[in-house]
>>> print(open('model_12.pdb').read())   # PDB, C-alpha atoms
ATOM      1  CA  MET A1363      41.679 165.936  76.084
ATOM      2  CA  ILE A1364      45.009 164.301  77.048
ATOM      3  CA  ALA A1365      48.152 166.222  77.934
ATOM      4  CA  SER A1366      50.515 163.637  76.465
ATOM      5  CA  PRO A1367      48.837 161.280  73.988
ATOM      6  CA  GLU A1368      52.035 159.327  73.356
ATOM      7  CA  LEU A1369      52.395 158.434  77.042
ATOM      8  CA  GLU A1370      48.695 157.591  77.236
ATOM      9  CA  ILE A1371      49.054 155.228  74.289
ATOM     10  CA  GLU A1372      51.834 153.313  76.061
ATOM     11  CA  LYS A1373      49.942 153.304  79.361
ATOM     12  CA  ASN A1374      46.828 151.795  77.794
ATOM     13  CA  ASN A1375      48.485 149.196  75.569
ATOM     14  CA  MET A1376      47.491 146.270  77.798
ATOM     15  CA  LYS A1377      43.904 147.482  78.063
ATOM     16  CA  ARG A1378      43.488 148.230  74.360
ATOM     17  CA  TYR A1379      45.465 145.870  72.158
ATOM     18  CA  VAL A1380      45.222 142.550  73.994
ATOM     19  CA  PRO A1381      41.387 142.560  74.246
ATOM     20  CA  ALA A1382      41.267 143.861  70.673
ATOM     21  CA  LEU A1383      43.391 140.973  69.408
ATOM     22  CA  ILE A1384      41.307 138.395  71.310
ATOM     23  CA  ALA A1385      38.154 139.850  69.762
ATOM     24  CA  CYS A1386      39.866 139.958  66.387
ATOM     25  CA  THR A1387      40.839 136.279  66.576
ATOM     26  CA  TRP A1388      37.232 135.229  67.044
ATOM     27  CA  ILE A1389      35.939 137.698  64.457
ATOM     28  CA  LEU A1390      38.356 136.339  61.857
ATOM     29  CA  LEU A1391      37.257 132.803  62.631
ATOM     30  CA  GLY A1392      33.612 133.812  62.402
ATOM     31  CA  LEU A1393      33.940 135.747  59.145
ATOM     32  CA  CYS A1394      36.293 133.375  57.397
ATOM     33  CA  GLY A1395      35.618 129.988  58.946
ATOM     34  CA  TYR A1396      32.751 128.981  56.680
ATOM     35  CA  SER A1397      35.032 129.124  53.632
ATOM     36  CA  LEU A1398      38.321 127.921  55.135
ATOM     37  CA  ALA A1399      37.240 124.303  55.340
ATOM     38  CA  GLU A1400      36.620 124.324  51.594
ATOM     39  CA  THR A1401      39.906 125.799  50.371
ATOM     40  CA  GLU A1402      43.544 125.140  51.196
ATOM     41  CA  LYS A1403      44.538 128.748  50.814
ATOM     42  CA  LYS A1404      43.709 130.649  53.975
ATOM     43  CA  PRO A1405      43.641 134.439  54.250
ATOM     44  CA  ALA A1406      46.815 136.423  54.773
ATOM     45  CA  VAL A1407      46.311 138.860  57.661
ATOM     46  CA  LEU A1408      48.444 141.912  58.446
ATOM     47  CA  PHE A1409      48.248 143.205  62.046
ATOM     48  CA  LEU A1410      49.409 146.766  62.773
ATOM     49  CA  THR A1411      49.675 148.419  66.208
ATOM     50  CA  ASN A1412      51.520 151.092  68.101
ATOM     51  CA  PRO A1413      54.571 149.595  69.885
ATOM     52  CA  VAL A1414      53.578 147.048  72.551
ATOM     53  CA  HIS A1415      56.365 145.836  74.839
ATOM     54  CA  ARG A1416      56.298 142.333  76.269
ATOM     55  CA  HIS A1417      55.716 143.515  79.843
ATOM     56  CA  SER A1418      52.691 145.617  78.821
ATOM     57  CA  GLY A1419      50.817 143.019  76.800
ATOM     58  CA  GLY A1420      53.171 142.274  73.933
ATOM     59  CA  ALA A1421      53.755 138.704  75.129
ATOM     60  CA  TYR A1422      50.023 137.979  74.867
ATOM     61  CA  LEU A1423      49.897 139.494  71.393
ATOM     62  CA  ARG A1424      52.717 137.232  70.249
ATOM     63  CA  LEU A1425      51.031 134.224  71.832
ATOM     64  CA  ASN A1426      47.839 134.894  69.889
ATOM     65  CA  MET A1427      49.787 135.468  66.677
ATOM     66  CA  ALA A1428      51.336 132.024  67.111
ATOM     67  CA  ARG A1429      47.868 130.602  67.700
ATOM     68  CA  LEU A1430      46.555 132.067  64.440
ATOM     69  CA  ASP A1431      49.602 130.701  62.617
ATOM     70  CA  LYS A1432      48.890 127.196  63.913
ATOM     71  CA  LEU A1433      45.297 127.526  62.720
ATOM     72  CA  GLY A1434      46.624 128.025  59.210
ATOM     73  CA  TYR A1435      46.346 131.781  58.788
ATOM     74  CA  ARG A1436      49.253 133.523  57.098
ATOM     75  CA  VAL A1437      50.046 136.219  59.648
ATOM     76  CA  ALA A1438      52.361 139.225  59.798
ATOM     77  CA  TYR A1439      52.616 141.585  62.771
ATOM     78  CA  TYR A1440      54.295 145.013  62.796
ATOM     79  CA  SER A1441      54.316 148.132  64.896
ATOM     80  CA  TYR A1442      53.532 151.180  62.781
ATOM     81  CA  ARG A1443      57.068 152.407  63.349
ATOM     82  CA  ASP A1444      58.541 149.221  61.870
ATOM     83  CA  PHE A1445      56.019 148.979  59.049
ATOM     84  CA  TYR A1446      56.817 152.519  57.889
ATOM     85  CA  ARG A1447      60.240 151.199  56.858
ATOM     86  CA  LYS A1448      58.568 148.823  54.415
ATOM     87  CA  ASP A1449      57.217 149.575  50.961
ATOM     88  CA  ALA A1450      53.727 151.124  51.301
ATOM     89  CA  GLY A1451      52.523 148.704  48.633
ATOM     90  CA  LEU A1452      53.118 145.768  50.982
ATOM     91  CA  THR A1453      49.502 146.031  52.164
ATOM     92  CA  GLN A1454      48.469 144.745  48.726
ATOM     93  CA  SER A1455      50.009 141.369  49.612
ATOM     94  CA  PHE A1456      47.396 140.688  52.306
ATOM     95  CA  ASP A1457      43.720 139.786  52.213
ATOM     96  CA  VAL A1458      42.895 141.554  55.490
ATOM     97  CA  VAL A1459      44.599 144.429  57.304
ATOM     98  CA  VAL A1460      43.823 144.707  61.033
ATOM     99  CA  MET A1461      44.679 147.992  62.766
ATOM    100  CA  LEU A1462      44.533 147.161  66.478
ATOM    101  CA  GLY A1463      44.785 150.884  67.182
ATOM    102  CA  VAL A1464      45.067 153.988  65.033
ATOM    103  CA  PRO A1465      48.519 155.531  64.434
ATOM    104  CA  GLY A1466      49.641 158.437  66.596
ATOM    105  CA  LEU A1467      49.847 162.067  65.497
ATOM    106  CA  ASP A1468      52.749 164.509  65.403
ATOM    107  CA  TRP A1469      51.415 165.881  68.680
ATOM    108  CA  SER A1470      54.390 168.073  69.594
ATOM    109  CA  GLY A1471      54.540 169.617  66.117
ATOM    110  CA  THR A1472      51.813 169.881  63.481
ATOM    111  CA  LYS A1473      49.220 167.900  65.501
ATOM    112  CA  GLU A1474      48.386 166.189  62.218
ATOM    113  CA  LEU A1475      49.257 162.817  60.673
ATOM    114  CA  TRP A1476      52.916 161.945  60.236
ATOM    115  CA  PRO A1477      53.962 161.831  56.541
ATOM    116  CA  ASP A1478      54.595 158.082  56.914
ATOM    117  CA  THR A1479      51.002 157.617  58.126
ATOM    118  CA  VAL A1480      49.650 159.510  55.112
ATOM    119  CA  LYS A1481      51.652 157.133  52.909
ATOM    120  CA  LEU A1482      50.295 154.108  54.796
ATOM    121  CA  TYR A1483      46.721 155.332  54.422
ATOM    122  CA  GLY A1484      47.257 155.622  50.678
ATOM    123  CA  GLY A1485      48.325 151.978  50.571
ATOM    124  CA  ILE A1486      45.314 150.903  52.641
ATOM    125  CA  ARG A1487      42.913 152.727  50.307
ATOM    126  CA  LYS A1488      44.451 150.908  47.326
ATOM    127  CA  HIS A1489      44.056 147.675  49.285
ATOM    128  CA  LEU A1490      40.343 148.409  49.849
ATOM    129  CA  ALA A1491      39.829 149.429  46.226
ATOM    130  CA  ALA A1492      41.269 146.056  45.186
ATOM    131  CA  GLY A1493      38.699 144.238  47.339
ATOM    132  CA  GLY A1494      40.779 143.739  50.496
ATOM    133  CA  GLY A1495      39.344 143.634  53.995
ATOM    134  CA  LEU A1496      40.040 146.108  56.803
ATOM    135  CA  MET A1497      39.379 146.099  60.543
ATOM    136  CA  VAL A1498      40.074 149.284  62.495
ATOM    137  CA  PHE A1499      39.932 149.579  66.279
ATOM    138  CA  SER A1500      39.339 153.262  66.912
ATOM    139  CA  ALA A1501      39.984 155.512  69.933
ATOM    140  CA  PRO A1502      37.768 158.222  71.467
ATOM    141  CA  GLN A1503      40.394 160.855  72.310
ATOM    142  CA  ILE A1504      41.173 163.703  69.907
ATOM    143  CA  TRP A1505      44.369 162.052  68.654
ATOM    144  CA  GLY A1506      42.456 158.843  67.940
ATOM    145  CA  MET A1507      39.524 160.560  66.259
ATOM    146  CA  LYS A1508      41.812 162.652  64.059
ATOM    147  CA  ALA A1509      43.763 159.618  62.864
ATOM    148  CA  PHE A1510      40.575 157.584  62.344
ATOM    149  CA  ASP A1511      38.692 160.370  60.555
ATOM    150  CA  ALA A1512      41.558 160.961  58.127
ATOM    151  CA  LEU A1513      41.384 157.303  57.061
ATOM    152  CA  MET A1514      37.625 156.757  56.935
ATOM    153  CA  LYS A1515      36.231 160.112  55.776
ATOM    154  CA  PRO A1516      36.348 159.195  52.046
ATOM    155  CA  TYR A1517      34.016 156.265  52.764
ATOM    156  CA  GLY A1518      31.189 158.316  54.254
ATOM    157  CA  ILE A1519      31.898 157.398  57.891
ATOM    158  CA  ARG A1520      32.561 159.833  60.727
ATOM    159  CA  PRO A1521      33.213 159.284  64.441
ATOM    160  CA  LEU A1522      31.193 161.253  66.978
ATOM    161  CA  SER A1523      32.571 163.047  70.023
ATOM    162  CA  GLY A1524      30.222 161.748  72.688
ATOM    163  CA  CYS A1525      28.504 158.636  73.979
ATOM    164  CA  PHE A1526      25.135 156.956  74.144
ATOM    165  CA  VAL A1527      23.004 157.405  77.270
ATOM    166  CA  ASP A1528      20.029 155.294  78.261
ATOM    167  CA  GLU A1529      17.034 155.789  80.569
ATOM    168  CA  ASP A1530      17.511 152.404  82.254
ATOM    169  CA  PRO A1531      20.895 150.806  81.455
ATOM    170  CA  THR A1532      21.914 147.338  82.626
ATOM    171  CA  LEU A1533      25.170 146.997  84.580
ATOM    172  CA  THR A1534      27.165 144.041  83.266
ATOM    173  CA  THR A1535      30.671 142.556  83.191
ATOM    174  CA  HIS A1536      31.481 142.596  86.916
ATOM    175  CA  GLY A1537      29.742 145.926  87.418
ATOM    176  CA  VAL A1538      31.924 148.044  85.145
ATOM    177  CA  LEU A1539      30.001 148.156  81.864
ATOM    178  CA  ASN A1540      26.627 149.821  81.295
ATOM    179  CA  CYS A1541      24.678 148.277  78.434
ATOM    180  CA  ALA A1542      21.307 148.637  76.732
ATOM    181  CA  TYR A1543      19.403 146.281  74.444
ATOM    182  CA  THR A1544      17.797 147.007  71.095
ATOM    183  CA  THR A1545      15.476 145.121  68.775
ATOM    184  CA  GLU A1546      15.852 147.763  66.050
ATOM    185  CA  ILE A1547      17.202 145.277  63.502
ATOM    186  CA  THR A1548      16.788 145.831  59.750
ATOM    187  CA  ARG A1549      15.628 142.998  57.507
ATOM    188  CA  HIS A1550      18.789 142.237  55.535
ATOM    189  CA  PRO A1551      20.569 139.092  54.278
ATOM    190  CA  LEU A1552      23.484 139.677  56.674
ATOM    191  CA  CYS A1553      21.356 139.581  59.823
ATOM    192  CA  ARG A1554      18.476 137.355  58.867
ATOM    193  CA  GLU A1555      18.635 135.406  62.150
ATOM    194  CA  THR A1556      19.409 138.373  64.426
ATOM    195  CA  ARG A1557      16.710 139.364  66.917
ATOM    196  CA  GLY A1558      18.476 141.955  69.060
ATOM    197  CA  LEU A1559      21.793 143.461  70.113
ATOM    198  CA  TRP A1560      23.404 144.539  73.400
ATOM    199  CA  TYR A1561      25.532 147.701  73.184
ATOM    200  CA  PRO A1562      27.512 149.834  75.679
ATOM    201  CA  VAL A1563      26.156 153.171  76.924
ATOM    202  CA  GLY A1564      28.157 155.826  78.763
ATOM    203  CA  GLN A1565      25.654 156.694  81.462
ATOM    204  CA  ARG A1566      22.073 156.788  82.647
ATOM    205  CA  ALA A1567      20.217 159.642  80.946
ATOM    206  CA  GLY A1568      20.621 162.791  83.062
ATOM    207  CA  GLY A1569      23.320 161.164  85.206
ATOM    208  CA  THR A1570      27.108 161.279  85.390
ATOM    209  CA  THR A1571      29.258 159.853  82.620
ATOM    210  CA  ASN A1572      30.639 156.435  83.547
ATOM    211  CA  PHE A1573      34.126 156.642  82.054
ATOM    212  CA  ASP A1574      34.860 153.078  83.223
ATOM    213  CA  THR A1575      32.229 151.936  80.738
ATOM    214  CA  LEU A1576      33.735 154.000  77.935
ATOM    215  CA  ARG A1577      37.267 152.743  78.635
ATOM    216  CA  ASN A1578      36.245 149.106  78.933
ATOM    217  CA  ALA A1579      33.867 149.174  75.980
ATOM    218  CA  ASN A1580      36.536 150.898  73.879
ATOM    219  CA  THR A1581      33.899 152.015  71.386
ATOM    220  CA  VAL A1582      33.171 155.237  69.522
ATOM    221  CA  PRO A1583      29.696 156.254  68.281
ATOM    222  CA  PHE A1584      29.559 157.002  64.575
ATOM    223  CA  ASP A1585      27.364 158.255  61.768
ATOM    224  CA  VAL A1586      27.278 157.336  58.072
ATOM    225  CA  ASP A1587      26.105 158.946  54.848
ATOM    226  CA  LYS A1588      23.235 157.837  52.614
ATOM    227  CA  ASN A1589      25.323 155.154  50.899
ATOM    228  CA  TRP A1590      25.074 153.038  54.035
ATOM    229  CA  THR A1591      22.178 151.001  55.429
ATOM    230  CA  ALA A1592      21.801 150.702  59.204
ATOM    231  CA  LEU A1593      21.485 147.024  60.160
ATOM    232  CA  ALA A1594      21.010 147.756  63.868
ATOM    233  CA  ALA A1595      20.131 150.991  65.657
ATOM    234  CA  ILE A1596      19.829 152.161  69.268
ATOM    235  CA  GLY A1597      16.625 151.418  71.170
ATOM    236  CA  ALA A1598      13.888 153.924  71.967
ATOM    237  CA  THR A1599      15.255 154.617  75.485
ATOM    238  CA  THR A1600      18.748 155.522  74.226
ATOM    239  CA  SER A1601      19.977 158.859  72.896
ATOM    240  CA  PHE A1602      23.277 160.406  71.838
ATOM    241  CA  LYS A1603      25.020 162.945  74.087
ATOM    242  CA  HIS A1604      27.887 164.951  72.624
ATOM    243  CA  PHE A1605      30.831 165.722  74.889
ATOM    244  CA  GLY A1606      31.771 169.219  75.989
ATOM    245  CA  ALA A1607      34.131 170.882  78.453
ATOM    246  CA  ASN A1608      32.979 168.681  81.355
ATOM    247  CA  GLU A1609      34.243 165.633  79.477
ATOM    248  CA  GLY A1610      37.446 167.352  78.345
ATOM    249  CA  ALA A1611      36.231 167.724  74.767
ATOM    250  CA  ASP A1612      36.286 171.519  74.466
ATOM    251  CA  ASP A1613      38.891 171.523  71.685
ATOM    252  CA  PRO A1614      37.468 173.429  68.666
ATOM    253  CA  TRP A1615      38.283 170.492  66.383
ATOM    254  CA  LEU A1616      36.107 168.155  68.455
ATOM    255  CA  GLN A1617      33.303 170.707  68.577
ATOM    256  CA  GLN A1618      32.830 170.785  64.812
ATOM    257  CA  GLU A1619      29.212 170.056  63.925
ATOM    258  CA  ARG A1620      30.157 166.930  61.966
ATOM    259  CA  PHE A1621      31.409 165.361  65.224
ATOM    260  CA  THR A1622      28.604 166.549  67.517
ATOM    261  CA  LYS A1623      25.502 166.264  65.335
ATOM    262  CA  LEU A1624      23.877 162.909  64.626
ATOM    263  CA  ASP A1625      22.048 162.931  61.265
ATOM    264  CA  THR A1626      20.949 159.280  61.087
ATOM    265  CA  GLN A1627      17.922 158.550  63.268
ATOM    266  CA  PRO A1628      17.839 156.355  65.195
ATOM    267  CA  ALA A1629      21.607 156.268  65.685
ATOM    268  CA  PRO A1630      23.256 153.317  63.907
ATOM    269  CA  LEU A1631      25.093 150.576  65.795
ATOM    270  CA  VAL A1632      25.893 148.469  62.721
ATOM    271  CA  ALA A1633      25.827 149.790  59.159
ATOM    272  CA  VAL A1634      26.588 148.144  55.837
ATOM    273  CA  ARG A1635      27.169 149.045  52.218
ATOM    274  CA  GLU A1636      27.497 146.606  49.366
ATOM    275  CA  ARG A1637      30.437 146.426  47.021
ATOM    276  CA  TRP A1638      31.048 144.065  44.143
ATOM    277  CA  LYS A1639      34.805 143.977  43.795
ATOM    278  CA  ALA A1640      36.634 141.387  45.904
ATOM    279  CA  LYS A1641      40.073 139.798  45.791
ATOM    280  CA  ALA A1642      39.863 136.619  43.743
ATOM    281  CA  ALA A1643      42.219 134.633  45.963
ATOM    282  CA  TRP A1644      40.097 134.933  49.112
ATOM    283  CA  PRO A1645      37.447 133.877  49.625
ATOM    284  CA  PRO A1646      36.711 131.514  46.688
ATOM    285  CA  ALA A1647      35.234 133.226  43.642
ATOM    286  CA  ARG A1648      31.878 131.452  44.074
ATOM    287  CA  LEU A1649      31.230 133.571  47.188
ATOM    288  CA  THR A1650      29.679 136.289  45.139
ATOM    289  CA  ARG A1651      28.569 139.274  47.240
ATOM    290  CA  SER A1652      30.893 141.571  49.132
ATOM    291  CA  PHE A1653      29.974 143.997  51.910
ATOM    292  CA  LEU A1654      31.670 146.672  53.996
ATOM    293  CA  ILE A1655      30.494 146.656  57.622
ATOM    294  CA  PHE A1656      30.908 149.398  60.194
ATOM    295  CA  THR A1657      29.939 148.685  63.793
ATOM    296  CA  LEU A1658      30.156 149.976  67.344
ATOM    297  CA  ALA A1659      30.379 146.468  68.805
ATOM    298  CA  THR A1660      33.804 145.354  70.130
ATOM    299  CA  SER A1661      35.351 148.352  68.392
ATOM    300  CA  LEU A1662      35.264 146.560  65.046
ATOM    301  CA  THR A1663      34.792 149.460  62.699
ATOM    302  CA  THR A1664      35.335 148.232  59.186
ATOM    303  CA  ALA A1665      35.426 144.715  57.793
ATOM    304  CA  SER A1666      34.883 142.962  54.516
ATOM    305  CA  VAL A1667      32.661 139.884  54.444
ATOM    306  CA  ARG A1668      31.215 137.851  51.656
ATOM    307  CA  ALA A1669      27.822 136.185  51.701
ATOM    308  CA  LYS A1670      27.472 132.728  50.147
ATOM    309  CA  ALA A1671      24.660 132.403  47.589
ATOM    310  CA  SER A1672      22.347 129.405  47.955
ATOM    311  CA  LYS A1673      20.532 130.401  44.758
ATOM    312  CA  ALA A1674      21.541 132.749  41.996
ATOM    313  CA  ASN A1675      20.390 135.892  43.796
ATOM    314  CA  ASP A1676      19.724 134.677  47.336
ATOM    315  CA  PRO A1677      22.671 135.479  49.648
ATOM    316  CA  ILE A1678      22.730 133.739  53.018
ATOM    317  CA  SER A1679      23.666 135.535  56.223
ATOM    318  CA  THR A1680      27.190 134.737  57.405
ATOM    319  CA  ALA A1681      27.836 137.515  59.908
ATOM    320  CA  CYS A1682      26.283 140.556  61.482
TER     321      CYS A1682
END
>>> encode(input="model_12.pdb", output="structure tokens")
Amino acid sequence: MIASPELEIEKNNMKRYVPALIACTWILLGLCGYSLAETEKKPAVLFLTNPVHRHSGGAYLRLNMARLDKLGYRVAYYSYRDFYRKDAGLTQSFDVVVMLGVPGLDWSGTKELWPDTVKLYGGIRKHLAAGGGLMVFSAPQIWGMKAFDALMKPYGIRPLSGCFVDEDPTLTTHGVLNCAYTTEITRHPLCRETRGLWYPVGQRAGGTTNFDTLRNANTVPFDVDKNWTALAAIGATTSFKHFGANEGADDPWLQQERFTKLDTQPAPLVAVRERWKAKAAWPPARLTRSFLIFTLATSLTTASVRAKASKANDPISTAC
């Protein structure tokens, strides 16, 4: 879809990583805040990005890193290039790994993951298996989907090459973001108080794709296997449209059925699966239940949260 993905990455750094970090700051506070007041040890968070120079948003990233440090988080921040020089096992030293963007591909050669990225992914999978948390901000282009799919495929998650369309979308955020609203919320401990959800859509059904919405929303539709439960799904007026040649997605890799066919109906916006293993150091051991969450909203794709139990088997909602 893009002639030079590496140049496009650099061009979009300001648009992608700074908003992602701002969202990430608030997400971390929301997911962790309920336990931080009760324990001196706060989570160690590793941020990874493609290189971001000061003049293209790097200064804002560093400012927010300093802010998290003052709030008591133990923070480390690396570009992928710099982190590849470290031991791959370093990810095990953190409670949460935040990938503000997916790593690039060897676009001028194999068009596949760099060997260093394969090594990093191995370390991240060990981190997840040990109960660590992971946030991944994906990308819709072929280079982004390839890098994302290689990491998340073992967990029953796949990105979709396309966008949501709605019969009557609402134009929001200074007229650049089309959204729709859904009340398709599943009864679940993690969203007990949730009544509805706004989500970005790429266009009015039958109309022209609004790429400003897709760029600003920075989201990628997804599907999950039967191990996941959809917490929120698109409304009745919304449907999924897969991209083709008109959207620059005529590459055979993007046209594989697993990226164009939506199996879960209605399409999920937030999905969850429960897991029981969690790192003992964070959060406190009394927070008993651990979940993996995958969501379209704010490009947060995978996170680990724990629900506090008010009774022996009665978890309370802490995030959705």
>>> closest_residue(input="model_12.pdb", among="A:Glu1619, A:Glu1555, A:Asp1530, A:Asp1457", to="Ile1486 in chain A", atoms="all atoms listed in the file")
A:Asp1457
>>> resolve_selection(input="model_12.pdb", expression="the PyMOL selection byres ((chain A and resi 1624) around 12)", output="PyMOL selection string")
chain A and resi 1519-1526+1583-1587+1601-1604+1618-1623+1625-1630
>>> atom_distance(input="model_12.pdb", atom1="CA of Tyr1435 in chain A", atom2="CA of Glu1636 in chain A")
25.8 Å
>>> closest_residue(input="model_12.pdb", among="A:Cys1553, A:Ala1438, A:Ala1595, A:Ala1633", to="Leu1423 in chain A", atoms="only C-alpha atoms")
A:Ala1438
>>> resolve_selection(input="model_12.pdb", expression="the PyMOL selection byres ((chain A and resi 1452) around 10)", output="PDB file with C-alpha atoms, in the frame of the given file")
ATOM      1  CA  LEU A1408      48.444 141.912  58.446  1.00  0.00           C
ATOM      2  CA  PHE A1445      56.019 148.979  59.049  1.00  0.00           C
ATOM      3  CA  LYS A1448      58.568 148.823  54.415  1.00  0.00           C
ATOM      4  CA  ASP A1449      57.217 149.575  50.961  1.00  0.00           C
ATOM      5  CA  ALA A1450      53.727 151.124  51.301  1.00  0.00           C
ATOM      6  CA  GLY A1451      52.523 148.704  48.633  1.00  0.00           C
ATOM      7  CA  THR A1453      49.502 146.031  52.164  1.00  0.00           C
ATOM      8  CA  GLN A1454      48.469 144.745  48.726  1.00  0.00           C
ATOM      9  CA  SER A1455      50.009 141.369  49.612  1.00  0.00           C
ATOM     10  CA  PHE A1456      47.396 140.688  52.306  1.00  0.00           C
ATOM     11  CA  LEU A1482      50.295 154.108  54.796  1.00  0.00           C
ATOM     12  CA  GLY A1485      48.325 151.978  50.571  1.00  0.00           C
ATOM     13  CA  ILE A1486      45.314 150.903  52.641  1.00  0.00           C
ATOM     14  CA  HIS A1489      44.056 147.675  49.285  1.00  0.00           C
TER      15      HIS A1489
END
>>> closest_residue(input="model_12.pdb", among="A:Leu1533, A:Leu1410, A:Ala1607, A:Leu1576", to="Met1497 in chain A", atoms="all atoms listed in the file")
A:Leu1410
>>> atom_distance(input="model_12.pdb", atom1="CA of Ile1655 in chain A", atom2="CA of Leu1616 in chain A")
24.7 Å
>>> atom_distance(input="model_12.pdb", atom1="CA of Trp1505 in chain A", atom2="CA of His1415 in chain A")
21.1 Å
>>> resolve_selection(input="model_12.pdb", expression="the PyMOL selection byres ((chain A and resi 1411) around 6)", output="count of residues only")
6
>>> closest_residue(input="model_12.pdb", among="A:Leu1513, A:Met1507, A:Leu1593, A:Ala1598", to="Trp1615 in chain A", atoms="only C-alpha atoms")
A:Met1507
>>> closest_residue(input="model_12.pdb", among="A:Arg1447, A:Lys1481, A:Leu1496, A:Lys1404", to="Lys1432 in chain A", atoms="all atoms listed in the file")
A:Lys1404
>>> residues_near_point(input="model_12.pdb", point="(21.2, 148.7, 80.2)", cutoff="7 Å", atoms="all atoms listed in the file", output="list in words")
Asp1528, Asp1530, Pro1531, Thr1532, Leu1533, Asn1540, Cys1541, Ala1542 and Tyr1543 of chain A
>>> axis_aligned_box(input="model_12.pdb", around="range 1457-1461 of chain A", padding_each_side="3 Å", output="AutoDock Vina command-line options")
--center_x 43.8 --center_y 143.9 --center_z 57.5 --size_x 7.8 --size_y 14.2 --size_z 16.6
